[in-house]
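Below is work-v1.txt, which holds compact mmCIF, C-alpha atoms.
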# COMPACT_ATOMS: atom_id res chain seq x y z
CA MET A 154 1.26 -7.37 27.93
CA ARG A 155 0.88 -9.00 24.50
CA LEU A 156 -2.47 -10.46 25.50
CA PHE A 157 -3.61 -7.13 26.93
CA SER A 158 -2.74 -5.23 23.73
CA ALA A 159 -4.50 -7.87 21.60
CA VAL A 160 -7.67 -7.78 23.77
CA LEU A 161 -7.66 -3.96 23.72
CA ALA A 162 -7.26 -3.87 19.92
CA VAL A 163 -9.99 -6.45 19.28
CA LEU A 164 -12.42 -4.83 21.75
CA THR A 165 -11.89 -1.40 20.20
CA ALA A 166 -12.36 -2.80 16.69
CA VAL A 167 -15.58 -4.60 17.67
CA ILE A 168 -17.08 -1.47 19.29
CA VAL A 169 -16.14 0.76 16.31
CA LEU A 170 -17.53 -1.80 13.84
CA ALA A 171 -20.75 -2.39 15.78
CA GLY A 172 -21.24 1.36 16.27
CA GLY A 173 -20.99 1.84 12.52
CA PHE A 174 -23.62 -0.81 11.72
CA LEU A 175 -26.09 -0.75 14.61
CA PRO A 176 -27.91 2.48 15.53
CA ILE A 177 -27.70 1.83 19.30
CA PRO A 178 -26.98 5.22 20.99
CA VAL A 179 -24.42 3.85 23.50
CA LEU A 180 -22.44 2.09 20.75
CA VAL A 181 -22.58 5.12 18.44
CA GLU A 182 -21.36 7.40 21.26
CA LEU A 183 -18.56 4.96 22.19
CA ARG A 184 -17.55 4.66 18.55
CA TYR A 185 -17.33 8.45 18.26
CA ILE A 186 -15.16 8.70 21.38
CA LEU A 187 -12.86 5.88 20.24
CA LEU A 188 -12.45 7.42 16.79
CA GLN A 189 -11.52 10.74 18.43
CA TRP A 190 -8.90 8.93 20.51
CA GLY A 191 -7.71 7.23 17.35
CA ALA A 192 -7.30 10.61 15.65
CA ILE A 193 -5.26 11.90 18.62
CA LEU A 194 -3.08 8.76 18.51
CA ALA A 195 -2.62 9.21 14.75
CA GLY A 196 -1.47 12.79 15.42
CA THR A 197 0.99 11.50 18.03
CA ALA A 198 2.23 8.94 15.50
CA VAL A 199 2.98 11.82 13.11
CA LEU A 200 5.16 13.39 15.85
CA VAL A 201 6.94 10.04 16.32
CA GLY A 202 7.43 9.94 12.55
CA PHE A 203 8.82 13.49 12.63
CA TYR A 204 11.29 12.45 15.32
CA ASN A 205 12.20 9.39 13.19
CA LEU A 206 12.84 11.66 10.17
CA LEU A 207 15.16 13.90 12.22
CA ALA A 208 16.93 10.88 13.77
CA VAL A 209 17.61 9.33 10.33
CA HIS A 210 19.11 12.56 8.99
CA LEU A 211 21.12 13.22 12.17
CA HIS A 212 22.52 9.71 11.64
CA HIS A 213 23.44 10.73 8.05
CA LEU A 214 25.23 13.83 9.43
CA ARG A 215 27.27 11.72 11.84
CA ARG A 216 28.10 9.21 9.10
CA GLY A 217 29.32 11.89 6.68
CA GLY A 218 29.38 11.56 2.91
CA LEU A 219 27.67 13.39 0.08
CA GLN A 220 24.26 13.46 1.75
CA ILE A 221 25.39 15.80 4.57
CA LEU A 222 24.19 18.97 2.83
CA TYR A 223 20.77 17.51 1.99
CA SER A 224 20.34 16.18 5.52
CA LEU A 225 21.37 19.51 7.02
CA ALA A 226 18.93 21.40 4.79
CA LEU A 227 16.15 18.98 5.67
CA ILE A 228 16.75 19.19 9.43
CA LEU A 229 16.86 23.02 9.36
CA ALA A 230 13.76 23.29 7.15
CA ALA A 231 11.83 20.77 9.27
CA LEU A 232 12.73 22.52 12.53
CA ILE A 233 11.92 25.99 11.17
CA ALA A 234 8.55 24.85 9.79
CA PHE A 235 7.69 22.98 13.01
CA SER A 236 8.72 25.94 15.22
CA LEU A 237 6.72 28.43 13.14
CA VAL A 238 3.55 26.32 13.30
CA VAL A 239 3.95 25.68 17.05
CA LEU A 240 4.79 29.34 17.74
CA PHE A 241 1.87 30.86 15.88
CA GLY A 242 -0.56 27.99 16.58
CA PRO A 243 -3.56 26.80 14.63
CA GLN A 244 -5.25 30.20 15.15
CA THR A 245 -2.85 31.73 12.62
CA PRO A 246 -3.42 29.65 9.50
CA SER A 247 -1.57 32.13 7.28
CA ILE A 248 1.83 30.66 8.25
CA GLN A 249 0.70 27.13 7.37
CA THR A 250 -0.93 28.38 4.17
CA TRP A 251 2.26 30.19 3.20
CA LEU A 252 4.41 27.12 3.91
CA ILE A 253 2.12 24.79 1.97
CA MET A 254 1.06 27.03 -0.92
CA GLY A 255 4.37 28.88 -1.22
CA ILE A 256 6.87 26.04 -0.90
CA VAL A 257 5.37 22.52 -0.74
CA ARG A 258 2.82 22.78 -3.57
CA PRO A 259 5.13 24.43 -6.18
CA VAL A 260 7.80 21.80 -5.53
CA GLU A 261 5.18 19.04 -5.78
CA ALA A 262 3.84 20.56 -9.00
CA SER A 263 7.32 20.51 -10.53
CA LEU A 264 7.71 16.85 -9.57
CA LEU A 265 4.31 16.15 -11.13
CA GLY A 266 5.60 17.79 -14.32
CA ILE A 267 8.51 15.36 -14.41
CA LEU A 268 6.01 12.47 -14.27
CA SER A 269 4.88 12.89 -17.89
CA VAL A 270 8.48 12.53 -19.08
CA THR A 271 8.92 9.57 -16.73
CA LEU A 272 5.88 7.82 -18.20
CA ILE A 273 7.02 8.26 -21.81
CA TYR A 274 10.43 6.87 -20.86
CA ALA A 275 8.76 3.96 -19.04
CA LEU A 276 6.68 3.12 -22.12
CA MET A 277 9.77 3.04 -24.31
CA ARG A 278 11.58 0.77 -21.84
CA LEU A 279 8.48 -1.45 -21.57
CA LEU A 280 8.63 -2.25 -25.30
CA ARG A 281 12.21 -3.40 -24.89
CA ARG A 282 11.72 -5.32 -21.65
CA ARG A 283 8.41 -7.18 -21.92
CA LEU A 284 6.80 -7.49 -25.33
CA ASP A 285 3.75 -9.72 -24.86
CA SER A 286 0.02 -9.53 -25.66
CA LEU A 287 -0.79 -7.65 -22.43
CA THR A 288 1.88 -5.05 -23.12
CA LEU A 289 0.59 -4.55 -26.65
CA LEU A 290 -2.98 -4.15 -25.39
CA PHE A 291 -1.78 -1.68 -22.76
CA LEU A 292 0.13 0.38 -25.33
CA LEU A 293 -2.70 0.30 -27.87
CA SER A 294 -5.27 1.47 -25.30
CA ALA A 295 -2.94 4.22 -24.06
CA PHE A 296 -2.36 5.40 -27.64
CA PHE A 297 -6.07 5.19 -28.50
CA PHE A 298 -7.23 7.24 -25.50
CA LEU A 299 -4.46 9.80 -26.02
CA LEU A 300 -5.63 10.17 -29.61
CA ALA A 301 -9.26 10.50 -28.52
CA MET A 302 -8.45 13.21 -25.98
CA ALA A 303 -5.81 15.07 -28.00
CA PRO A 304 -6.72 18.60 -29.08
CA THR A 305 -6.63 18.98 -32.88
CA PRO A 306 -7.26 22.07 -35.08
CA TRP A 307 -10.66 20.49 -35.91
CA GLY A 308 -11.65 19.84 -32.33
CA ILE A 309 -12.39 16.32 -31.15
CA LEU A 310 -11.64 13.61 -33.70
CA PRO A 311 -14.92 12.42 -35.23
CA LEU A 312 -16.07 8.89 -34.40
CA ILE A 313 -13.06 8.21 -32.14
CA GLY A 314 -13.40 11.17 -29.77
CA ASP A 315 -17.16 11.57 -29.63
CA PHE A 316 -18.42 7.99 -29.87
CA LEU A 317 -15.89 5.17 -29.65
CA ALA A 318 -13.77 6.45 -26.75
CA PRO A 319 -16.74 7.39 -24.49
CA TRP A 320 -18.40 4.03 -25.27
CA LEU A 321 -15.24 2.08 -24.44
CA GLN A 322 -14.75 4.23 -21.33
CA ASP A 323 -18.31 3.67 -20.08
CA THR A 324 -18.41 -0.08 -20.74
CA PHE A 325 -15.04 -1.85 -20.67
CA VAL A 326 -12.89 0.63 -18.70
CA THR A 327 -15.49 1.34 -16.01
CA ALA A 328 -16.39 -2.35 -15.73
CA GLY A 329 -12.72 -3.33 -15.42
CA ALA A 330 -12.06 -0.61 -12.84
CA ARG A 331 -15.11 -1.70 -10.82
CA GLY A 332 -13.93 -5.31 -10.93
CA LEU A 333 -10.50 -4.31 -9.63
CA LEU A 334 -12.04 -2.13 -6.90
CA LEU A 335 -14.42 -4.90 -5.81
CA GLY A 336 -11.50 -7.34 -5.60
CA MET A 337 -9.50 -4.87 -3.53
CA ALA A 338 -12.49 -4.22 -1.26
CA LEU A 339 -12.68 -7.97 -0.57
CA GLY A 340 -8.95 -8.01 0.13
CA ALA A 341 -9.31 -5.07 2.52
CA LEU A 342 -12.22 -6.85 4.24
CA THR A 343 -10.24 -10.04 4.91
CA THR A 344 -7.17 -8.03 6.00
CA GLY A 345 -9.37 -6.17 8.47
CA LEU A 346 -10.95 -9.40 9.69
CA ARG A 347 -7.53 -10.91 10.39
CA LEU A 348 -6.81 -7.91 12.63
CA LEU A 349 -10.26 -8.09 14.20
CA LEU A 350 -9.73 -11.75 15.08
CA ALA A 351 -6.21 -10.97 16.38
CA VAL A 352 -4.72 -13.36 13.81
CA ASP A 353 -2.46 -10.59 12.50
CA ARG A 354 -0.92 -8.49 15.22
CA PRO A 355 1.44 -5.91 13.74
CA TYR A 356 1.56 -4.29 17.19
CA GLY A 357 4.16 -6.66 18.64
CA GLY A 358 2.12 -9.79 19.14
CA LYS A 359 2.93 -12.12 16.27
CA MET B 76 -31.10 0.33 8.31
CA TYR B 77 -31.48 -2.69 5.99
CA LEU B 78 -28.22 -1.79 4.26
CA ALA B 79 -26.38 -1.58 7.61
CA LEU B 80 -27.77 -4.96 8.69
CA LEU B 81 -26.85 -6.50 5.33
CA SER B 82 -23.29 -5.11 5.69
CA LEU B 83 -23.05 -6.53 9.21
CA PHE B 84 -24.28 -9.89 7.92
CA ILE B 85 -21.61 -9.89 5.17
CA VAL B 86 -18.84 -9.05 7.67
CA LEU B 87 -19.99 -11.69 10.18
CA SER B 88 -20.36 -14.35 7.44
CA ALA B 89 -16.89 -13.58 6.12
CA ALA B 90 -15.48 -13.79 9.68
CA ALA B 91 -17.21 -17.15 10.27
CA LEU B 92 -15.92 -18.46 6.93
CA LEU B 93 -12.39 -17.27 7.76
CA VAL B 94 -12.39 -19.08 11.11
CA THR B 95 -13.86 -22.27 9.58
CA LEU B 96 -11.44 -22.35 6.64
CA THR B 97 -8.48 -21.67 8.95
CA PHE B 98 -9.25 -24.88 10.84
CA VAL B 99 -10.12 -26.89 7.71
CA GLN B 100 -7.04 -25.80 5.75
CA ARG B 101 -4.58 -26.48 8.58
CA LYS B 102 -4.37 -30.09 7.40
CA SER B 103 -4.42 -29.57 3.63
CA ARG B 104 -2.81 -26.53 2.10
CA PRO B 105 -4.96 -25.04 -0.71
CA ALA B 106 -3.45 -24.75 -4.19
CA PHE B 107 -3.22 -21.22 -5.54
CA ARG B 108 -2.39 -20.11 -9.05
CA THR B 109 1.19 -19.04 -9.72
CA ILE B 110 1.91 -15.32 -9.42
CA PRO B 111 5.33 -14.60 -10.98
CA ALA B 112 5.89 -11.53 -8.78
CA PHE B 113 5.88 -13.62 -5.59
CA GLN B 114 8.22 -16.21 -7.13
CA GLU B 115 10.56 -13.39 -8.09
CA LEU B 116 10.24 -11.94 -4.60
CA ARG B 117 11.29 -15.20 -2.93
CA ARG B 118 14.23 -15.50 -5.33
CA SER B 119 15.30 -11.89 -4.75
CA ILE B 120 15.20 -12.17 -0.97
CA ASP B 121 17.25 -15.39 -1.08
CA LEU B 122 19.78 -13.68 -3.37
CA SER B 123 19.98 -10.60 -1.14
CA ILE B 124 20.78 -12.80 1.88
CA GLU B 125 23.49 -14.60 -0.10
CA GLU B 126 25.00 -11.32 -1.29
CA GLY B 127 24.65 -9.59 2.10
CA ARG B 128 22.68 -6.72 0.59
CA PRO B 129 19.51 -5.16 2.05
CA VAL B 130 16.02 -5.21 0.53
CA HIS B 131 13.96 -2.00 0.39
CA LEU B 132 10.23 -2.15 1.16
CA SER B 133 7.95 0.84 0.66
CA LEU B 134 4.77 0.64 2.73
CA GLY B 135 3.17 3.70 1.12
CA ARG B 136 1.32 6.36 3.04
CA GLY B 137 -2.11 4.91 3.85
CA ASN B 138 -3.68 6.35 6.99
CA LEU B 139 -4.69 3.44 9.21
CA LEU B 140 -7.92 5.20 10.22
CA THR B 141 -9.13 5.04 6.61
CA LEU B 142 -9.71 2.30 4.00
CA GLN B 143 -6.34 3.24 2.44
CA GLY B 144 -4.66 1.73 5.50
CA ALA B 145 -5.44 -1.84 4.38
CA PRO B 146 -2.65 -2.10 1.75
CA GLY B 147 -0.19 -0.88 4.39
CA LEU B 148 -1.30 -3.72 6.66
CA ALA B 149 -0.78 -6.16 3.76
CA GLY B 150 2.69 -4.65 3.39
CA LEU B 151 3.33 -5.35 7.07
CA SER B 152 2.53 -9.05 6.43
CA MET B 153 5.15 -8.97 3.70
CA LEU B 154 7.58 -7.24 6.07
CA ARG B 155 7.05 -9.98 8.68
CA TYR B 156 8.11 -12.57 6.09
CA MET B 157 11.03 -10.49 4.81
CA ALA B 158 12.33 -9.72 8.30
CA ALA B 159 12.11 -13.39 9.30
CA GLN B 160 14.06 -14.39 6.19
CA THR B 161 16.71 -11.66 6.41
CA ALA B 162 17.25 -12.24 10.15
CA VAL B 163 19.51 -15.16 9.16
CA GLY B 164 21.67 -12.73 7.14
CA ASP B 165 23.33 -9.59 8.41
CA GLN B 166 21.26 -6.96 6.61
CA PRO B 167 17.78 -6.10 7.94
CA PRO B 168 15.26 -4.78 5.38
CA LEU B 169 15.03 -1.02 4.86
CA ILE B 170 11.47 0.29 5.13
CA THR B 171 10.18 3.66 3.96
CA THR B 172 6.73 5.08 4.56
CA GLY B 173 4.84 8.36 4.44
CA GLU B 174 2.65 7.63 7.48
CA GLY B 175 3.76 7.97 11.11
CA SER B 176 1.75 5.03 12.46
CA LEU B 177 3.20 2.72 9.78
CA VAL B 178 6.73 3.60 10.94
CA ILE B 179 5.89 2.48 14.48
CA LEU B 180 4.22 -0.74 13.26
CA ALA B 181 7.08 -1.47 10.84
CA GLN B 182 9.63 -1.09 13.67
CA ASP B 183 7.55 -3.33 15.90
CA THR B 184 7.06 -5.98 13.19
CA THR B 185 10.78 -6.07 12.34
CA GLN B 186 11.79 -6.28 15.99
CA THR B 187 9.30 -9.11 16.63
CA ALA B 188 10.62 -11.07 13.63
CA PHE B 189 14.24 -10.60 14.73
CA ARG B 190 13.36 -11.58 18.30
CA ALA B 191 11.64 -14.73 17.04
CA ALA B 192 14.80 -15.59 15.08
CA PHE B 193 16.99 -15.00 18.21
CA ALA B 194 18.75 -12.19 16.35
CA GLU B 195 17.40 -9.14 18.18
CA GLU B 196 20.89 -7.63 18.42
CA LEU B 197 20.80 -7.17 14.62
CA TYR B 198 17.62 -5.10 14.80
CA ARG B 199 18.12 -1.37 14.22
CA PRO B 200 15.12 0.99 14.71
CA LEU B 201 16.25 3.45 12.01
CA THR B 202 15.82 0.85 9.28
CA ALA B 203 12.14 1.92 9.27
CA ARG B 204 11.94 5.51 8.11
CA LEU B 205 9.36 8.20 7.55
CA THR B 206 10.64 10.09 4.51
CA GLY B 207 7.87 12.67 4.10
CA LEU B 208 4.25 13.25 5.02
CA SER B 209 2.76 14.48 1.73
CA PRO B 210 2.82 12.22 -1.39
CA PHE B 211 5.62 13.96 -3.24
CA ALA B 212 7.55 14.81 -0.07
CA TYR B 213 7.54 11.06 0.62
CA ALA B 214 8.78 10.36 -2.91
CA ALA B 215 11.48 13.05 -2.72
CA GLY B 216 12.67 11.66 0.62
CA ALA B 217 12.70 8.04 -0.60
CA LEU B 218 14.51 8.73 -3.90
CA PRO B 219 18.07 8.90 -2.44
CA LEU B 220 17.50 5.54 -0.74
CA ILE B 221 16.28 3.99 -4.00
CA ARG B 222 19.45 5.15 -5.77
CA GLU B 223 21.73 3.56 -3.16
CA PRO B 224 23.73 0.90 -5.02
CA GLN B 225 23.95 -1.65 -2.19
CA ILE B 226 20.19 -2.33 -2.19
CA SER B 227 19.38 -5.59 -3.98
CA THR B 228 15.59 -5.41 -4.42
CA HIS B 229 12.89 -2.76 -4.27
CA ILE B 230 9.36 -3.73 -3.22
CA PHE B 231 6.48 -1.25 -3.18
CA LEU B 232 3.45 -2.60 -1.37
CA GLY B 233 1.01 -0.07 0.03
CA ASN B 234 -1.16 2.91 -0.69
CA LEU B 235 0.84 4.82 -3.30
CA GLY B 236 -0.45 7.28 -5.88
CA ALA B 237 1.17 8.96 -8.86
CA GLU B 238 4.33 9.63 -6.82
CA SER B 239 5.08 5.89 -6.99
CA LEU B 240 5.90 6.33 -10.68
CA LEU B 241 8.81 8.64 -9.82
CA LEU B 242 10.08 6.06 -7.35
CA GLY B 243 9.39 3.20 -9.76
CA GLU B 244 11.29 4.86 -12.57
CA ALA B 245 14.30 5.40 -10.29
CA ALA B 246 14.11 1.78 -9.10
CA GLU B 247 13.80 0.45 -12.63
CA ARG B 248 16.92 2.37 -13.70
CA GLN B 249 18.97 0.51 -11.08
CA ASN B 250 18.51 -2.70 -13.14
CA ILE B 251 17.73 -4.74 -10.06
CA SER B 252 14.66 -6.70 -9.03
CA PHE B 253 11.64 -4.41 -8.61
CA ILE B 254 8.16 -5.55 -7.55
CA ALA B 255 5.28 -3.12 -7.08
CA ALA B 256 1.62 -3.04 -6.10
CA SER B 257 -0.75 -0.29 -5.05
CA ASP B 258 -4.46 0.04 -4.37
CA ASP B 259 -4.61 3.17 -6.52
CA LEU B 260 -5.79 2.45 -10.07
CA SER B 261 -3.71 5.16 -11.77
CA ALA B 262 -0.62 4.02 -9.90
CA GLN B 263 -1.33 0.42 -10.93
CA ALA B 264 -1.49 1.46 -14.58
CA GLY B 265 1.82 3.31 -14.35
CA LEU B 266 3.55 0.58 -12.35
CA PHE B 267 2.40 -2.01 -14.92
CA ALA B 268 4.60 -0.19 -17.42
CA LEU B 269 7.51 0.20 -15.04
CA THR B 270 7.97 -3.20 -13.44
CA SER B 271 8.65 -6.60 -14.96
CA HIS B 272 6.51 -8.24 -12.25
CA PRO B 273 3.42 -6.13 -11.61
CA LEU B 274 0.81 -7.12 -9.02
CA ILE B 275 -2.68 -6.20 -10.21
CA GLY B 276 -5.79 -5.49 -8.14
CA GLU B 277 -6.33 -7.63 -5.06
CA GLU B 278 -3.02 -9.49 -5.58
CA ILE B 279 -1.61 -6.85 -3.22
CA PHE B 280 -3.47 -8.59 -0.39
CA ALA B 281 -2.21 -12.07 -1.32
CA ALA B 282 1.40 -11.53 -0.17
CA GLY B 283 0.94 -13.15 3.24
CA ALA B 284 -0.75 -16.26 1.82
CA TYR B 285 1.80 -16.79 -0.96
CA LEU B 286 4.89 -16.19 1.11
CA SER B 287 4.10 -17.88 4.39
CA ASN B 288 2.57 -21.20 5.41
CA TYR B 289 0.40 -19.44 7.96
CA ALA B 290 -3.09 -21.01 7.70
CA PRO B 291 -5.18 -17.86 8.45
CA HIS B 292 -3.51 -15.99 5.56
CA GLN B 293 -4.29 -18.82 3.16
CA ALA B 294 -7.82 -19.09 4.54
CA SER B 295 -8.36 -15.36 4.01
CA LEU B 296 -7.41 -15.80 0.36
CA SER B 297 -9.96 -18.63 0.08
CA VAL B 298 -12.56 -16.34 1.72
CA GLN B 299 -11.81 -13.75 -0.96
CA ASP B 300 -12.33 -16.37 -3.68
CA VAL B 301 -15.63 -17.60 -2.19
CA SER B 302 -16.85 -14.00 -1.69
CA ARG B 303 -15.90 -13.15 -5.27
CA TRP B 304 -18.01 -16.01 -6.63
CA LEU B 305 -20.95 -15.02 -4.42
CA LEU B 306 -20.58 -11.44 -5.66
CA ILE B 307 -20.55 -12.60 -9.29
CA ILE B 308 -23.71 -14.67 -8.73
CA ALA B 309 -25.39 -11.70 -7.02
CA LEU B 310 -24.39 -9.32 -9.83
CA LEU B 311 -25.83 -11.70 -12.42
CA THR B 312 -29.05 -12.72 -10.67
CA LEU B 313 -30.17 -9.52 -8.91
CA PRO B 314 -30.74 -7.49 -12.14
CA VAL B 315 -32.75 -10.44 -13.58
CA LEU B 316 -34.89 -10.65 -10.42
CA LYS B 317 -35.35 -6.86 -10.52
CA PHE B 318 -36.37 -7.11 -14.19
CA PHE B 319 -39.07 -9.64 -13.36
CA GLY B 320 -40.31 -7.46 -10.49
CA VAL B 321 -39.41 -9.85 -7.66
CA PHE B 322 -38.33 -6.86 -5.51
Once you've parsed the file, please lay out its structure as structure tokens.
Amino acid sequence: MRLFSAVLAVLTAVIVLAGGFLPIPVLVELRYILLQWGAILAGTAVLVGFYNLLAVHLHHLRRGGLQILYSLALILAALIAFSLVVLFGPQTPSIQTWLIMGIVRPVEASLLGILSVTLIYALMRLLRRRLDSLTLLFLLSAFFFLLAMAPTPWGILPLIGDFLAPWLQDTFVTAGARGLLLGMALGALTTGLRLLLAVDRPYGGK
Amino acid sequence: MYLALLSLFIVLSAAALLVTLTFVQRKSRPAFRTIPAFQELRRSIDLSIEEGRPVHLSLGRGNLLTLQGAPGLAGLSMLRYMAAQTAVGDQPPLITTGEGSLVILAQDTTQTAFRAAFAEELYRPLTARLTGLSPFAYAAGALPLIREPQISTHIFLGNLGAESLLLGEAAERQNISFIAASDDLSAQAGLFALTSHPLIGEEIFAAGAYLSNYAPHQASLSVQDVSRWLLIIALLTLPVLKFFGVF
């Protein structure tokens, strides 16, 4: 069974990869079909995840404690939202829109609002916890770019806002970000290759 | 067409190099630079086993059908190591994620590690949890777990965005070991301020090589180093060749 799952995974990966690089009609068609199957499997995985979420909170209910109310609210909300979407189907997007735009997004926006406070607090703690050259550089750059972007009664600060900050942004910041992204792309490539060669098998093999 | 063939050539060359280096490096282990976060991680896991307290690992919410899935897979390598280590104790690691497929893979990885350690009876499926499907729903669901006092270490290793800062701030307030890495640049900047041991850039993919003695993981890190040098040479020489009208 382990060997079968490894062969299936490697074969699928090879076809999808080859279909992406080589314009051979059979490979391209196969790649398209496999990606569609992958999307269906990913959808099924979401359902498994949903079941996992309910199971964890049902476990909390059985265990008791302070989290009972939160778990109860979560289970009820999850079941109501799931039932509504299943009942009205994808042909009635207004229910989904209402759930997302009316409840999920406002709550997420409020959490996003808390982030700014969180970051200021983190910066203050950083000074106390780790005061080295990298920390100082980090804080100086954060302060500099905040100053460059800050609205003042006179508009953008001369020299800093209209010349120095854009120049630093276009040269050092962009170059640094590209370097990090290239490094991560190489990391993603080797991680993918380990899966492709069945060296890493997070699906129960090794 | 040329670009596709060049990409295929790069992938095949990297694969050939990975296979070659895996065989070459089986006999002599390559020396890597010290990354304090991984030293701290080893220490924290050892301490958590001694104290009988669980470790929390966040695998993020990267969809495995996209490029954002790669950090999640790196997180699974970390989980394999953690589960193998904690199987000798009595507390399996707690895993949170915002992606359904990662929950299944995390359960499978943990079970495999426990089975390999002849401790499958200690494995509990609900230690891997989906806490929410959208970024902030995931964060809101994971926050109560982060505030649980019995957890000894928090590790974030996966595709996490700005929501990781909320989790990171909560973890940092617990005054326990906290190690974090993400593939998202804004999250990396925020986590740099929050954690004492940040992992920057591609260090997120080095977990397997630093924590295990598994030759393919160490070979893949060497492949990254070789590829990086080739990329640097290409970046330096190609503009010069273009300037002189070679192509």
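Near chain A, within 6 Å and using only C-alpha atoms, the residues of chain B are B:Ala79, B:Ala145, B:Gly175, B:Ser176, B:Leu180, B:Asp183, B:Thr184, B:Leu205, B:Phe211, B:Ala268, B:Leu269, B:Gly276, B:Glu277, B:Phe280, B:Ser295, B:Gln299.
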Next item on the list: Determine, counting only C-alpha atoms, which protein, DNA and RNA residues have an atom within 9 Å of an atom of range 107-116 of chain B; residues of the same chain fewer than 5 positions away are not included. Present the result as a PyMOL selection string.
Entry: chain B and resi 121+228+230+252-255+271-274+278+282+285-286
Checklist line | Atom-to-atom span, CA of Ala212 in chain B and CA of Ser261 in chain B, Å | finding: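 So the two atoms, CA of Ala212 in chain B and CA of Ser261 in chain B, lie 18.9 Å apart.
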Note to self: List the spatial neighbours of Leu218 in chain B as a PyMOL selection string - criterion: any atom at most 9 Å away, all atoms listed in the file, same-chain residues fewer than 2 positions off excluded.
What the structure shows: chain B and resi 213-216+220-223+241-242+245-246
If you count only C-alpha atoms, which residues fall within 9 Å of Ile168 in chain A, apart from same-chain ones fewer than 5 positions away, as a compact mmCIF listing (two decimals) with C-alpha atoms, keeping the file's coordinate frame?
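Okay, this is what ended up in selection.txt:
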# COMPACT_ATOMS: atom_id res chain seq x y z
CA VAL A 163 -9.99 -6.45 19.28
CA GLY A 173 -20.99 1.84 12.52
CA LEU A 180 -22.44 2.09 20.75
CA VAL A 181 -22.58 5.12 18.44
CA LEU A 183 -18.56 4.96 22.19
CA ARG A 184 -17.55 4.66 18.55
CA LEU A 187 -12.86 5.88 20.24
Next item on the list: Please measure the separation of CA of Arg104 in chain B and CA of Ala166 in chain A, giving the value in Å to one decimal.
Entry: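 Pair CA of Arg104 in chain B / CA of Ala166 in chain A returns 29.4 Å.
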Margin query: Quick check, in Å to one decimal: how far apart do CA of Ala351 in chain A and CA of Leu93 in chain B lie?
Written below: 12.3 Å
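Nearest to Val169 in chain A of all the residues A:Asp315, A:Asp323, A:Glu182, A:Asp285 is A:Glu182, counting all atoms listed in the file.
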Have range 94-105 of chain B completed to N, CA and C atoms, please, and pass it along as a PDB file, in the frame of the given file.
ATOM      1  N   VAL B  94     -12.726 -18.213   9.974  1.00  0.00           N
ATOM      2  CA  VAL B  94     -12.390 -19.080  11.110  1.00  0.00           C
ATOM      3  C   VAL B  94     -12.519 -20.556  10.694  1.00  0.00           C
ATOM      4  N   THR B  95     -13.627 -20.877   9.999  1.00  0.00           N
ATOM      5  CA  THR B  95     -13.860 -22.270   9.580  1.00  0.00           C
ATOM      6  C   THR B  95     -12.744 -22.747   8.651  1.00  0.00           C
ATOM      7  N   LEU B  96     -12.457 -21.942   7.625  1.00  0.00           N
ATOM      8  CA  LEU B  96     -11.440 -22.350   6.640  1.00  0.00           C
ATOM      9  C   LEU B  96     -10.046 -22.433   7.261  1.00  0.00           C
ATOM     10  N   THR B  97      -9.790 -21.600   8.272  1.00  0.00           N
ATOM     11  CA  THR B  97      -8.480 -21.670   8.950  1.00  0.00           C
ATOM     12  C   THR B  97      -8.295 -23.051   9.571  1.00  0.00           C
ATOM     13  N   PHE B  98      -9.347 -23.555  10.215  1.00  0.00           N
ATOM     14  CA  PHE B  98      -9.250 -24.880  10.840  1.00  0.00           C
ATOM     15  C   PHE B  98      -9.222 -25.997   9.796  1.00  0.00           C
ATOM     16  N   VAL B  99     -10.053 -25.845   8.751  1.00  0.00           N
ATOM     17  CA  VAL B  99     -10.120 -26.890   7.710  1.00  0.00           C
ATOM     18  C   VAL B  99      -8.801 -26.982   6.956  1.00  0.00           C
ATOM     19  N   GLN B 100      -8.227 -25.812   6.617  1.00  0.00           N
ATOM     20  CA  GLN B 100      -7.040 -25.800   5.750  1.00  0.00           C
ATOM     21  C   GLN B 100      -5.732 -26.011   6.503  1.00  0.00           C
ATOM     22  N   ARG B 101      -5.815 -26.218   7.827  1.00  0.00           N
ATOM     23  CA  ARG B 101      -4.580 -26.480   8.580  1.00  0.00           C
ATOM     24  C   ARG B 101      -3.971 -27.808   8.149  1.00  0.00           C
ATOM     25  N   LYS B 102      -4.857 -28.746   7.762  1.00  0.00           N
ATOM     26  CA  LYS B 102      -4.370 -30.090   7.400  1.00  0.00           C
ATOM     27  C   LYS B 102      -3.972 -30.160   5.935  1.00  0.00           C
ATOM     28  N   SER B 103      -4.747 -29.530   5.064  1.00  0.00           N
ATOM     29  CA  SER B 103      -4.420 -29.570   3.630  1.00  0.00           C
ATOM     30  C   SER B 103      -4.278 -28.153   3.092  1.00  0.00           C
ATOM     31  N   ARG B 104      -3.096 -27.872   2.604  1.00  0.00           N
ATOM     32  CA  ARG B 104      -2.810 -26.530   2.100  1.00  0.00           C
ATOM     33  C   ARG B 104      -3.511 -26.325   0.754  1.00  0.00           C
ATOM     34  N   PRO B 105      -4.278 -25.242   0.577  1.00  0.00           N
ATOM     35  CA  PRO B 105      -4.960 -25.040  -0.710  1.00  0.00           C
ATOM     36  C   PRO B 105      -3.966 -24.690  -1.818  1.00  0.00           C
TER      37      PRO B 105
END
